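**Q** I have a structure I would like to understand better, so I am pasting it below and will then ask my questions one at a time.
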Amino acid sequence: MLYFQTWKTLLILGVCVLGFIFAIPNAVPENMRDQLPQFMSNTLNLGLDLKGGQHLLLQVEISEIFEQRLENLEDQVRTGLLSNNIGYTGLDVVDQQLRVRVRDPAQLSLAEQVINDLGEPITTGNFAIGAGGGTDILVSSTDDGLISVVLTEEAQTALTTQAVNQSIEVVRRRVDEFGTNEPTIQRQGRDRIIVQVPGGQIDTDILNTTARLEFRMHDFEVPISVALDGNVPSRSEVLPTSNPGEPYIVVRNAVLIDGDNLVNAQPGFSQRTGEPIVSIRFNTQGAQIFSRITRDNVGRRFAVVLDDVVITAPNINEHIPSGNAEISGNFTPEAANNLAILLRAGALPASLTIIEERNVGPDLGQDSINAGQYASMIGFALVIIFMIAAYGLFGVYADIALVVNLVLITGALSLFQATLTLPGIAGIILTIGMAVDANVLIFERIREEVAAGKTPINAVETGYSRALGTILDANITTLIAAVILFQLGAGPIRGFAVTLGIGIITSVFTAFTFTRLLVATWLRTAKPKHLPI
């Protein structure tokens, strides 16, 4: 146990050196930090409670997802009933329920079958739950021919999960566009999202804008004056415009191309007019579709629709085969930049409502940092004094290991870019006390072996070997608790779990392996007849 091969000694010292290397950036000024190598550029990320910043609680409007599914089903029901020569009336979506009345009661069963066939399997992730016959809709009817269609509870749960997960990814991409450092974006409850941006502020309008981009053809067969009088054909709908002027009438539910086909969007200025624009580029599929649209509709007008608002409606003057286009709409430079951010990040599946918004000042965070520093220094000093007073030279070795342990924790947090929160500081302080527990077990065991009359080398070797099982049992159980806290917790709880977990691993390494190396080196060098413990 006390003999270390050369490679083991080098490995132990190498781990300690790496810890110092990754911890150094946190101890040097920022201007000197820029001169360090790239692999030493990572520093501790301070959380919202330490650095200040913005806290948002967003709610995904899940009802819009349900309404959208039923509205899509409405068009399918219309087509299915007409193709089967089933007469109907009153087809509409009301209160998250699709209703239609069949004129001939004799065709009621056939109509139910047609609608049932329009149901889709309920999917969770990549696996279909209802592939064996279960669908996402529940169809019921009355004797007078009224058919009602609602979404099943399983379908609502699946749609909610998908919508929240997709919203988290879109919000994350939008926040990343601001260059913020380590934002926290996570789900809370059934349909809410927490967004925390340490040390920064983001435009909430950009977060809760749906940004659903669509290219739709202008319905030139119906004058807008006729449409405004209420005479809108079923194939079309009237949409408002973002600019002053009359609304536009566009073909209903006929999206030629949408934002999913975009690969890039950048703000810029028109070479012809000098006004702010957004340059967009489609992927291969989108470029082919856009090329076909512009080829087949030269001389006609199409509308660029963002969240059911027409932002521009240019004429197609020529065939555009390249897949590159420009969006103009009397933008300001800031508006063009914000639109480019939204298009690059993608569309939200549903709108977001801000439930809570808090701005945390940095002064509160600095007070927390100072309090944490004072608590750490006081706890560190008391532990050092106690170990030296209780175990003499062996206590010095334990204190050296404690310093190395704090350096390793800092280096690990910096390397993995973990976010340090106030509970995280509490975890570090707790680790300071726990770090010497293993040494106390070992040293007390060595005392017992010395009292039993063993030689110094035998006493130390027996003390380390027999204390190992107890040390591992105690720390593994604490590590399991830290893992559970990390998996089930959120926000500050996770910060505490991360620092506690890393602290457990580093404390076992320093208390058992590193101090054993120090003690073994001293024994080989000094060859003492009595242990100063």
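Naming works like this for the structure tokens: A, B, ... for the chains as they're shown, residue 1 at the start of each chain, ligands 1 onward in shown order.
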So which residues touch segment 395-411 of chain A within 6 Å, counting only C-alpha atoms, skipping near sequence neighbours fewer than 6 positions away, as a list in words?
**A**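 Residues near the query, excluding close chain neighbours: Gly19, Phe22, Ala23, Ile384, Met387, Ile388, Thr506, Ser507 and Thr510 of chain A.
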**Q** If DSSP is run on the backbone, what residues of segment 79-197 of chain A are alpha helix (DSSP H)? A reply as a VMD selection string would be ideal.
**A** chain A and resid 79 to 83 108 to 116 153 to 176
**Q** Keeping only C-alpha atoms, write the selected residues to a file as a compact mmCIF listing (two decimals), in the first residue's frame.
**A**
# COMPACT_ATOMS: atom_id res chain seq x y z
CA THR A 79 -62.26 16.84 -48.33
CA GLY A 80 -63.10 13.36 -47.05
CA LEU A 81 -66.84 13.99 -46.80
CA LEU A 82 -67.04 15.60 -50.23
CA SER A 83 -65.05 12.81 -51.87
CA LEU A 108 -73.82 8.79 -40.38
CA SER A 109 -71.87 5.53 -39.97
CA LEU A 110 -69.96 6.12 -43.20
CA ALA A 111 -69.12 9.68 -42.13
CA GLU A 112 -67.84 8.43 -38.77
CA GLN A 113 -65.64 5.88 -40.53
CA VAL A 114 -64.25 8.52 -42.88
CA ILE A 115 -63.37 10.81 -39.98
CA ASN A 116 -61.92 7.98 -37.89
CA GLU A 153 -55.93 12.61 -23.39
CA GLU A 154 -52.95 10.61 -24.67
CA ALA A 155 -52.75 12.82 -27.75
CA GLN A 156 -52.94 15.99 -25.67
CA THR A 157 -50.12 14.74 -23.43
CA ALA A 158 -47.95 13.83 -26.43
CA LEU A 159 -48.62 17.14 -28.19
CA THR A 160 -47.85 19.06 -25.00
CA THR A 161 -44.54 17.27 -24.50
CA GLN A 162 -43.51 17.79 -28.11
CA ALA A 163 -44.51 21.46 -28.08
CA VAL A 164 -42.64 22.24 -24.84
CA ASN A 165 -39.50 20.39 -25.97
CA GLN A 166 -39.54 22.15 -29.34
CA SER A 167 -40.13 25.51 -27.65
CA ILE A 168 -37.13 24.94 -25.36
CA GLU A 169 -34.87 24.30 -28.35
CA VAL A 170 -36.14 27.36 -30.23
CA VAL A 171 -35.78 29.59 -27.16
CA ARG A 172 -32.26 28.24 -26.61
CA ARG A 173 -31.25 29.10 -30.19
CA ARG A 174 -32.75 32.58 -29.87
CA VAL A 175 -30.99 33.25 -26.57
CA ASP A 176 -27.70 31.99 -28.01
**Q** Which neighbours of Pro198 of chain A fall inside 6 Å, counting only C-alpha atoms, when residues of the same chain fewer than 3 positions from it are skipped, and could you give them as an MDAnalysis selection string?
**A** chainID A and resid 47:48 51:53
**Q** Save the residues we just selected, C-alpha atoms, as a PDB file, in the first residue's frame?
**A**
ATOM      1  CA  GLY A  47     -25.176  31.776 -11.873  1.00  0.00           C
ATOM      2  CA  LEU A  48     -28.010  34.272 -11.824  1.00  0.00           C
ATOM      3  CA  LYS A  51     -23.796  37.506 -11.299  1.00  0.00           C
ATOM      4  CA  GLY A  52     -27.219  39.082 -11.645  1.00  0.00           C
ATOM      5  CA  GLY A  53     -29.204  38.957 -14.854  1.00  0.00           C
TER       6      GLY A  53
END
**Q** Leaving out Ala497 of chain A and any residue of its chain fewer than 6 positions from it, which residues lie within 10 Å of it when counting only C-alpha atoms, given as a tab-separated table (two decimals) with N, CA and C atoms, in the first residue's frame?
**A**
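Ended up saving to out-v4.tsv:
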chain	number	residue	atom	x	y	z
A	423	PRO	N	-26.11	28.03	-3.86
A	423	PRO	CA	-26.09	26.68	-3.29
A	423	PRO	C	-24.83	25.91	-3.67
A	424	GLY	N	-24.26	26.22	-4.85
A	424	GLY	CA	-23.01	25.59	-5.22
A	424	GLY	C	-21.88	25.95	-4.29
A	427	GLY	N	-22.22	23.95	-1.35
A	427	GLY	CA	-21.69	22.62	-1.58
A	427	GLY	C	-20.19	22.56	-1.40
A	479	LEU	N	-22.52	10.34	-2.86
A	479	LEU	CA	-22.49	10.58	-4.30
A	479	LEU	C	-23.81	10.16	-4.95
A	481	ALA	N	-26.72	10.31	-3.53
A	481	ALA	CA	-27.65	11.40	-3.21
A	481	ALA	C	-27.44	12.59	-4.14
A	482	ALA	N	-26.16	12.91	-4.44
A	482	ALA	CA	-25.87	14.03	-5.33
A	482	ALA	C	-26.40	13.76	-6.74
A	483	VAL	N	-26.25	12.51	-7.21
A	483	VAL	CA	-26.75	12.16	-8.54
A	483	VAL	C	-28.27	12.29	-8.60
A	484	ILE	N	-28.95	11.83	-7.56
A	484	ILE	CA	-30.41	11.93	-7.53
A	484	ILE	C	-30.85	13.40	-7.50
A	485	LEU	N	-30.16	14.22	-6.72
A	485	LEU	CA	-30.48	15.64	-6.70
A	485	LEU	C	-30.30	16.27	-8.07
A	486	PHE	N	-29.24	15.86	-8.78
A	486	PHE	CA	-29.00	16.42	-10.10
A	486	PHE	C	-30.07	15.99	-11.10
A	487	GLN	N	-30.49	14.72	-11.04
A	487	GLN	CA	-31.47	14.22	-11.99
A	487	GLN	C	-32.86	14.79	-11.74
A	489	GLY	N	-33.62	17.40	-9.49
A	489	GLY	CA	-33.67	18.81	-9.10
A	489	GLY	C	-33.65	19.73	-10.31
A	490	ALA	N	-33.68	21.01	-10.02
A	490	ALA	CA	-33.65	22.02	-11.08
A	490	ALA	C	-32.99	23.27	-10.53
A	503	GLY	N	-16.91	17.53	-5.54
A	503	GLY	CA	-16.17	17.60	-4.30
A	503	GLY	C	-15.96	16.23	-3.66
**Q** Could you name the residues that touch Leu352 of chain A at 12 Å or less, counting only C-alpha atoms, but leaving out those on the same chain fewer than 5 positions away, as a ChimeraX atom specification?
**A** /A:56-65,163-164,167-168,170-171,191-194,204-211,347
**Q** Produce a file of the selected residues containing C-alpha atoms, as a PDB file, in the first residue's frame.
**A**
ATOM      1  CA  LEU A  56     -38.174  34.583 -17.014  1.00  0.00           C
ATOM      2  CA  LEU A  57     -40.969  32.082 -16.525  1.00  0.00           C
ATOM      3  CA  LEU A  58     -42.723  31.351 -19.828  1.00  0.00           C
ATOM      4  CA  GLN A  59     -45.905  29.428 -20.488  1.00  0.00           C
ATOM      5  CA  VAL A  60     -46.454  27.581 -23.751  1.00  0.00           C
ATOM      6  CA  GLU A  61     -49.982  28.210 -24.982  1.00  0.00           C
ATOM      7  CA  ILE A  62     -50.797  24.551 -25.521  1.00  0.00           C
ATOM      8  CA  SER A  63     -54.398  25.315 -26.508  1.00  0.00           C
ATOM      9  CA  GLU A  64     -53.057  26.749 -29.778  1.00  0.00           C
ATOM     10  CA  ILE A  65     -51.468  23.378 -30.579  1.00  0.00           C
ATOM     11  CA  ALA A 163     -44.512  21.462 -28.075  1.00  0.00           C
ATOM     12  CA  VAL A 164     -42.639  22.244 -24.836  1.00  0.00           C
ATOM     13  CA  SER A 167     -40.131  25.508 -27.648  1.00  0.00           C
ATOM     14  CA  ILE A 168     -37.127  24.943 -25.359  1.00  0.00           C
ATOM     15  CA  VAL A 170     -36.135  27.359 -30.232  1.00  0.00           C
ATOM     16  CA  VAL A 171     -35.782  29.592 -27.163  1.00  0.00           C
ATOM     17  CA  ASP A 191     -46.250  23.568 -19.955  1.00  0.00           C
ATOM     18  CA  ARG A 192     -43.817  26.137 -18.540  1.00  0.00           C
ATOM     19  CA  ILE A 193     -40.212  27.032 -19.313  1.00  0.00           C
ATOM     20  CA  ILE A 194     -37.655  28.729 -17.059  1.00  0.00           C
ATOM     21  CA  THR A 204     -38.548  39.449 -24.425  1.00  0.00           C
ATOM     22  CA  ASP A 205     -40.366  40.350 -27.653  1.00  0.00           C
ATOM     23  CA  ILE A 206     -37.948  38.117 -29.525  1.00  0.00           C
ATOM     24  CA  LEU A 207     -38.575  35.250 -27.121  1.00  0.00           C
ATOM     25  CA  ASN A 208     -42.364  35.172 -27.284  1.00  0.00           C
ATOM     26  CA  THR A 209     -42.735  35.884 -31.016  1.00  0.00           C
ATOM     27  CA  THR A 210     -43.870  32.726 -32.762  1.00  0.00           C
ATOM     28  CA  ALA A 211     -41.928  33.560 -35.971  1.00  0.00           C
ATOM     29  CA  ALA A 347     -40.544  29.060 -35.367  1.00  0.00           C
TER      30      ALA A 347
END
**Q** Rounded to one decimal place, report the atom CA of Asp296 of chain A-atom CA of Asp260 of chain A distance in Å.
**A**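 These two atoms are separated by 21.9 Å.
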**Q** List the neighbours of segment 29-43 of chain A out to 12 Å using only C-alpha atoms; skip same-chain residues closer than 6 positions along the sequence, and give me the result as a ChimeraX atom specification.
**A** /A:18-23,181-182,410-420
**Q** Write a file of the selected residues as an mmCIF file, in the first residue's frame, keeping N, CA and C atoms.
**A**
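Ended up saving to result_25.cif:
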data_model
loop_
_atom_site.group_PDB
_atom_site.id
_atom_site.type_symbol
_atom_site.label_atom_id
_atom_site.label_comp_id
_atom_site.auth_asym_id
_atom_site.auth_seq_id
_atom_site.Cartn_x
_atom_site.Cartn_y
_atom_site.Cartn_z
ATOM 1 N N LEU A 18 -2.840 19.239 -13.516
ATOM 2 C CA LEU A 18 -3.938 19.612 -14.416
ATOM 3 C C LEU A 18 -4.985 20.445 -13.680
ATOM 4 N N GLY A 19 -5.259 20.074 -12.424
ATOM 5 C CA GLY A 19 -6.202 20.869 -11.646
ATOM 6 C C GLY A 19 -5.728 22.298 -11.477
ATOM 7 N N PHE A 20 -4.443 22.474 -11.199
ATOM 8 C CA PHE A 20 -3.892 23.826 -11.070
ATOM 9 C C PHE A 20 -3.978 24.573 -12.401
ATOM 10 N N ILE A 21 -3.682 23.884 -13.501
ATOM 11 C CA ILE A 21 -3.695 24.537 -14.820
ATOM 12 C C ILE A 21 -5.090 25.067 -15.149
ATOM 13 N N PHE A 22 -6.112 24.243 -14.929
ATOM 14 C CA PHE A 22 -7.472 24.663 -15.278
ATOM 15 C C PHE A 22 -8.055 25.644 -14.264
ATOM 16 N N ALA A 23 -7.471 25.715 -13.060
ATOM 17 C CA ALA A 23 -7.962 26.664 -12.056
ATOM 18 C C ALA A 23 -7.295 28.026 -12.183
ATOM 19 N N ASN A 181 -23.829 34.023 -21.847
ATOM 20 C CA ASN A 181 -22.927 33.010 -21.313
ATOM 21 C C ASN A 181 -23.687 32.024 -20.430
ATOM 22 N N GLU A 182 -23.742 30.772 -20.869
ATOM 23 C CA GLU A 182 -24.340 29.694 -20.085
ATOM 24 C C GLU A 182 -25.751 30.015 -19.589
ATOM 25 N N THR A 410 -12.182 23.663 -8.294
ATOM 26 C CA THR A 410 -12.241 24.852 -9.159
ATOM 27 C C THR A 410 -11.860 24.506 -10.590
ATOM 28 N N GLY A 411 -10.793 23.707 -10.744
ATOM 29 C CA GLY A 411 -10.381 23.320 -12.094
ATOM 30 C C GLY A 411 -11.425 22.496 -12.806
ATOM 31 N N ALA A 412 -12.075 21.566 -12.090
ATOM 32 C CA ALA A 412 -13.105 20.730 -12.710
ATOM 33 C C ALA A 412 -14.324 21.554 -13.114
ATOM 34 N N LEU A 413 -14.765 22.462 -12.250
ATOM 35 C CA LEU A 413 -15.899 23.322 -12.584
ATOM 36 C C LEU A 413 -15.589 24.207 -13.788
ATOM 37 N N SER A 414 -14.348 24.679 -13.875
ATOM 38 C CA SER A 414 -13.943 25.505 -15.016
ATOM 39 C C SER A 414 -13.863 24.676 -16.285
ATOM 40 N N LEU A 415 -13.286 23.473 -16.187
ATOM 41 C CA LEU A 415 -13.125 22.618 -17.364
ATOM 42 C C LEU A 415 -14.468 22.246 -17.970
ATOM 43 N N PHE A 416 -15.431 21.875 -17.134
ATOM 44 C CA PHE A 416 -16.740 21.448 -17.619
ATOM 45 C C PHE A 416 -17.708 22.616 -17.789
ATOM 46 N N GLN A 417 -17.232 23.847 -17.558
ATOM 47 C CA GLN A 417 -18.063 25.038 -17.725
ATOM 48 C C GLN A 417 -19.355 24.937 -16.924
ATOM 49 N N ALA A 418 -19.245 24.390 -15.718
ATOM 50 C CA ALA A 418 -20.413 24.315 -14.840
ATOM 51 C C ALA A 418 -20.742 25.703 -14.300
ATOM 52 N N THR A 419 -22.003 25.915 -14.007
ATOM 53 C CA THR A 419 -22.454 27.197 -13.483
ATOM 54 C C THR A 419 -22.453 27.158 -11.958
ATOM 55 N N LEU A 420 -21.728 28.085 -11.351
ATOM 56 C CA LEU A 420 -21.628 28.139 -9.893
ATOM 57 C C LEU A 420 -22.712 29.055 -9.347
#
**Q** Contacts of Thr135 of chain A at 7 Å or less, counting only C-alpha atoms, minus same-chain residues fewer than 4 places along, as an MDAnalysis selection string?
**A** chainID A and resid 119:122 130
**Q** For Arg344 of chain A, which of A:Glu237, A:Glu275, A:Glu177, A:Glu356 is the closest residue, counting only C-alpha atoms?
**A**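 Answer, going by the shortest atom-to-atom distance: A:Glu177.
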**Q** From segment 326-418 of chain A, collect each residue whose DSSP state is strand (DSSP E) and return the set as a PDB file with N, CA and C atoms, in the first residue's frame.
**A**
ATOM      1  N   GLU A 326     -34.769  38.120 -50.859  1.00  0.00           N
ATOM      2  CA  GLU A 326     -34.713  39.237 -49.932  1.00  0.00           C
ATOM      3  C   GLU A 326     -36.113  39.544 -49.434  1.00  0.00           C
ATOM      4  N   ILE A 327     -36.210  39.820 -48.145  1.00  0.00           N
ATOM      5  CA  ILE A 327     -37.479  40.225 -47.543  1.00  0.00           C
ATOM      6  C   ILE A 327     -37.369  41.691 -47.177  1.00  0.00           C
ATOM      7  N   LEU A 352     -45.706  32.045 -26.625  1.00  0.00           N
ATOM      8  CA  LEU A 352     -45.284  31.975 -25.233  1.00  0.00           C
ATOM      9  C   LEU A 352     -45.815  33.187 -24.484  1.00  0.00           C
ATOM     10  N   THR A 353     -46.263  32.960 -23.284  1.00  0.00           N
ATOM     11  CA  THR A 353     -46.740  34.032 -22.417  1.00  0.00           C
ATOM     12  C   THR A 353     -45.789  34.178 -21.242  1.00  0.00           C
ATOM     13  N   ILE A 354     -45.353  35.401 -20.975  1.00  0.00           N
ATOM     14  CA  ILE A 354     -44.447  35.644 -19.853  1.00  0.00           C
ATOM     15  C   ILE A 354     -45.258  35.681 -18.564  1.00  0.00           C
ATOM     16  N   ILE A 355     -45.060  34.683 -17.715  1.00  0.00           N
ATOM     17  CA  ILE A 355     -45.768  34.594 -16.440  1.00  0.00           C
ATOM     18  C   ILE A 355     -45.055  35.411 -15.374  1.00  0.00           C
ATOM     19  N   GLU A 356     -43.713  35.376 -15.418  1.00  0.00           N
ATOM     20  CA  GLU A 356     -42.926  36.070 -14.400  1.00  0.00           C
ATOM     21  C   GLU A 356     -41.645  36.587 -15.047  1.00  0.00           C
ATOM     22  N   GLU A 357     -41.257  37.790 -14.684  1.00  0.00           N
ATOM     23  CA  GLU A 357     -40.007  38.373 -15.178  1.00  0.00           C
ATOM     24  C   GLU A 357     -39.330  39.105 -14.019  1.00  0.00           C
ATOM     25  N   ARG A 358     -38.072  38.726 -13.747  1.00  0.00           N
ATOM     26  CA  ARG A 358     -37.318  39.364 -12.671  1.00  0.00           C
ATOM     27  C   ARG A 358     -35.940  39.733 -13.199  1.00  0.00           C
ATOM     28  N   ASN A 359     -35.497  40.903 -12.810  1.00  0.00           N
ATOM     29  CA  ASN A 359     -34.135  41.331 -13.103  1.00  0.00           C
ATOM     30  C   ASN A 359     -33.363  41.385 -11.793  1.00  0.00           C
ATOM     31  N   VAL A 360     -32.298  40.592 -11.713  1.00  0.00           N
ATOM     32  CA  VAL A 360     -31.492  40.499 -10.499  1.00  0.00           C
ATOM     33  C   VAL A 360     -30.254  41.362 -10.666  1.00  0.00           C
TER      34      VAL A 360
END
**Q** Enter the distance from atom CA of Val460 of chain A to atom CA of Ile429 of chain A, in Å, rounded to one decimal.
**A**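 These atoms are spaced 28.9 Å apart.
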**Q** So how far away is atom CA of Arg252 of chain A from atom CA of Ile289 of chain A, in Å?
**A**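 Separation between atom CA of Ile289 of chain A and atom CA of Arg252 of chain A: 18.7 Å.
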